[in-house]
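Right, one structure below, let's go through it.
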Amino acid sequence: MLENSVSSDEITAALETPRDLEFKIPDPEDEEIEEQEFLSKLDEIWKVCDRFDLQTDIWRGRILRAVRDRQKQGGDGRGSGFLNWLKKREITKSQAYALIQLANSADTLLAEGNLDPATINNFSKRAFVETAKSDPEVQKLVSEAAQNGERITRREVKQLQDEWMAMTSELLPEEVKEKASEGSLPPRHLAPLVKEMEKLPENHIEDIQKEIITNADVDNIKKVTIDAKNLSKYLDAAAKVQKLRDSQIDLELAIDEALRLDCLHSTADLVKVATQLEEIVVKFYTIWKRLGNASERLFVDTGASTPHLRSLISCLESLSGETIEVKLDETGERLVRLKIISQN
């Protein structure tokens, strides 16, 4: 567990729970209260509730982490003691680890000195987690915003992270970065492109770089991002399709033609569906073999004295035999018939 660089008193003070949670909510039917004043009062109450909710969940996360670590130290490798503790308090495992992650995020930011304890109440819960996952430079920017009294949500943190990614990524040409720094090209449109470019091989990255240098407006950046995403899907799926691996098809030339005809999305979808079909066929064959084996075992274990079990086996022969028949609708008017020819 991380050692905090701030004292427990500072953390406690920052997360101090209001003792009096009895609020006077304005009457929604009181017409003498102006709309703006009505909403302002509710917003103030909501912020207090947010702080209470945040500090409660951070401390709950710390408690849950302590229980979990105690069980580990005690030799309960399976974590049954921890799970029993959760069960008694009607807390699911996913809820528990979400709270532990929140506590870890808060402690990490405090321990590394990237967060002033006095600004904790300016964060939402999800903003804590998002900030802890961000680059150190982004954490400092977020901390500065919180110190200025700004309300920090996950959206603000993500936006700062995206902007930092766009301005520092080596995948983007300098010409494009300059436009982003000047404000003529919003960084939020570049971050998704960078994420997709990271998945691609070098030759495709170079093509994208040339394209965005030539035309770096927002519409073209969005189009190139979609193309990069489809290209990534295509390359990933094509590598999994057995039929394509066994063929002599030039996949790179196929990409070039798809790009030229602006049908890369359809091409990527075709290959992806082919991958899914092959996976389904393999799974289908495995289940079909299990059904046949189960049918054979039951046939051996039964005899003339079990006519109903024999009838059950006979009825399912249309599924366990080499020719499989399945109705596609309740009326039985549409029927699919599959014949399995396996080669050993």
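Simple scheme: letters A, B, ... for chains in structure tokens order, numbers from 1 for residues in each chain, numbers from 1 for ligands in the order shown.
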Need the shell around Leu338 in chain A: protein/DNA/RNA residues with any atom at most 8 Å away, counting only C-alpha atoms. Skip same-chain ones fewer than 6 positions apart. Format as an mmCIF file with C-alpha atoms, in the first residue's frame?
data_model
loop_
_atom_site.group_PDB
_atom_site.id
_atom_site.type_symbol
_atom_site.label_atom_id
_atom_site.label_comp_id
_atom_site.auth_asym_id
_atom_site.auth_seq_id
_atom_site.Cartn_x
_atom_site.Cartn_y
_atom_site.Cartn_z
ATOM 1 C CA THR A 323 -27.265 -34.274 -41.066
ATOM 2 C CA ILE A 324 -28.658 -31.629 -38.736
ATOM 3 C CA GLU A 325 -32.105 -30.107 -39.156
#
*range 79-301 of chain A: residues DSSP assigns to helix (DSSP H, G or I), reported as an MDAnalysis selection string*: chainID A and resid 80:88 93:111 117:122 125:133 136:147 154:168 174:182 187:197 202:214 218:238 242:245 251:260 264:301
_Non-local contacts of range 120-124 of chain A (10 Å; only C-alpha atoms; under 2 positions in same chain excluded) as a VMD selection string_ = chain A and resid 11 14 to 16 47 to 48 50 to 55 106 110 115 to 118 126 to 131 142 to 143 145 to 154
Can I get the selection written as a compact mmCIF listing (two decimals), in the first residue's frame, with N, CA and C atoms?
# COMPACT_ATOMS: atom_id res chain seq x y z
N ILE A 11 -5.55 14.87 5.46
CA ILE A 11 -6.52 14.11 4.67
C ILE A 11 -7.89 14.14 5.35
N ALA A 14 -9.47 17.46 4.86
CA ALA A 14 -9.95 17.65 3.49
C ALA A 14 -11.22 16.88 3.22
N LEU A 15 -11.34 15.73 3.90
CA LEU A 15 -12.50 14.88 3.66
C LEU A 15 -13.50 14.94 4.82
N GLU A 16 -13.45 16.01 5.56
CA GLU A 16 -14.31 16.11 6.74
C GLU A 16 -15.77 16.05 6.35
N LYS A 47 -23.78 19.89 -4.09
CA LYS A 47 -22.32 19.86 -3.95
C LYS A 47 -21.91 19.31 -2.59
N VAL A 48 -22.66 19.66 -1.54
CA VAL A 48 -22.37 19.12 -0.21
C VAL A 48 -22.57 17.61 -0.21
N ASP A 50 -22.33 15.67 -2.77
CA ASP A 50 -21.24 15.11 -3.56
C ASP A 50 -19.99 14.92 -2.71
N ARG A 51 -19.66 15.93 -1.91
CA ARG A 51 -18.47 15.84 -1.05
C ARG A 51 -18.63 14.72 -0.03
N PHE A 52 -19.83 14.64 0.54
CA PHE A 52 -20.09 13.59 1.52
C PHE A 52 -19.98 12.22 0.87
N ASP A 53 -20.55 12.08 -0.33
CA ASP A 53 -20.51 10.82 -1.06
C ASP A 53 -19.08 10.45 -1.42
N LEU A 54 -18.30 11.42 -1.87
CA LEU A 54 -16.92 11.16 -2.27
C LEU A 54 -16.08 10.71 -1.08
N GLN A 55 -16.13 11.47 0.02
CA GLN A 55 -15.29 11.11 1.15
C GLN A 55 -15.71 9.76 1.74
N ALA A 106 -6.96 8.12 -4.98
CA ALA A 106 -6.80 9.26 -4.07
C ALA A 106 -5.45 9.21 -3.38
N LEU A 110 -2.20 11.83 -3.73
CA LEU A 110 -1.71 12.51 -2.54
C LEU A 110 -0.25 12.16 -2.25
N LEU A 115 -1.50 16.41 -5.87
CA LEU A 115 -2.83 16.86 -5.48
C LEU A 115 -2.76 17.51 -4.11
N ASP A 116 -3.30 18.71 -4.02
CA ASP A 116 -3.40 19.40 -2.75
C ASP A 116 -4.59 18.82 -1.99
N PRO A 117 -4.38 18.32 -0.76
CA PRO A 117 -5.49 17.73 -0.01
C PRO A 117 -6.69 18.65 0.12
N ALA A 118 -6.43 19.96 0.14
CA ALA A 118 -7.53 20.92 0.31
C ALA A 118 -8.44 20.98 -0.91
N ARG A 126 -15.32 9.73 -10.28
CA ARG A 126 -14.74 9.22 -11.52
C ARG A 126 -13.56 10.06 -11.97
N ALA A 127 -13.57 11.36 -11.59
CA ALA A 127 -12.45 12.23 -11.94
C ALA A 127 -11.19 11.80 -11.20
N PHE A 128 -11.33 11.33 -9.97
CA PHE A 128 -10.19 10.83 -9.21
C PHE A 128 -9.51 9.68 -9.94
N VAL A 129 -10.32 8.72 -10.34
CA VAL A 129 -9.78 7.53 -11.01
C VAL A 129 -9.13 7.92 -12.33
N GLU A 130 -9.80 8.79 -13.10
CA GLU A 130 -9.28 9.21 -14.40
C GLU A 130 -7.98 9.99 -14.24
N THR A 131 -7.91 10.83 -13.22
CA THR A 131 -6.71 11.63 -12.99
C THR A 131 -5.53 10.74 -12.62
N VAL A 142 -4.53 19.27 -13.89
CA VAL A 142 -5.80 19.05 -13.20
C VAL A 142 -5.74 19.63 -11.79
N SER A 143 -4.61 19.38 -11.12
CA SER A 143 -4.45 19.89 -9.75
C SER A 143 -4.50 21.41 -9.72
N ALA A 145 -6.08 23.34 -11.84
CA ALA A 145 -7.47 23.73 -12.07
C ALA A 145 -8.28 23.59 -10.79
N ALA A 146 -8.04 22.49 -10.04
CA ALA A 146 -8.75 22.28 -8.78
C ALA A 146 -8.38 23.34 -7.75
N GLN A 147 -7.11 23.73 -7.72
CA GLN A 147 -6.66 24.77 -6.78
C GLN A 147 -7.30 26.12 -7.10
N ASN A 148 -7.65 26.32 -8.36
CA ASN A 148 -8.31 27.56 -8.76
C ASN A 148 -9.80 27.54 -8.47
N GLY A 149 -10.25 26.45 -7.84
CA GLY A 149 -11.64 26.36 -7.44
C GLY A 149 -12.57 25.74 -8.46
N GLU A 150 -12.01 25.24 -9.56
CA GLU A 150 -12.84 24.64 -10.60
C GLU A 150 -13.35 23.28 -10.17
N ARG A 151 -14.57 22.95 -10.60
CA ARG A 151 -15.15 21.64 -10.34
C ARG A 151 -14.58 20.66 -11.36
N ILE A 152 -13.93 19.59 -10.88
CA ILE A 152 -13.26 18.65 -11.77
C ILE A 152 -14.10 17.39 -11.95
N THR A 153 -14.52 17.15 -13.18
CA THR A 153 -15.25 15.92 -13.51
C THR A 153 -14.41 15.09 -14.46
N ARG A 154 -14.88 13.89 -14.74
CA ARG A 154 -14.16 12.99 -15.63
C ARG A 154 -14.00 13.62 -17.01
*May I ask which of the residues A:Cys315, A:Ile208, A:Val300, A:Val176 is the closest one to Lys229 in chain A, counting only C-alpha atoms?*
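Nearest to Lys229 in chain A: A:Ile208.
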*Name all residues at most 8 Å from range 260-266 of chain A (count only C-alpha atoms; drop same-chain ones fewer than 6 positions away) and give them as a list in words.*
Asp227, Asn230 and Leu231 of chain A
*Quick one: distance from CA of Ala166 in chain A to CA of Leu185 in chain A in Å, one decimal?*
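If I compute the distance from CA of Ala166 in chain A to CA of Leu185 in chain A, I get 10.6 Å.
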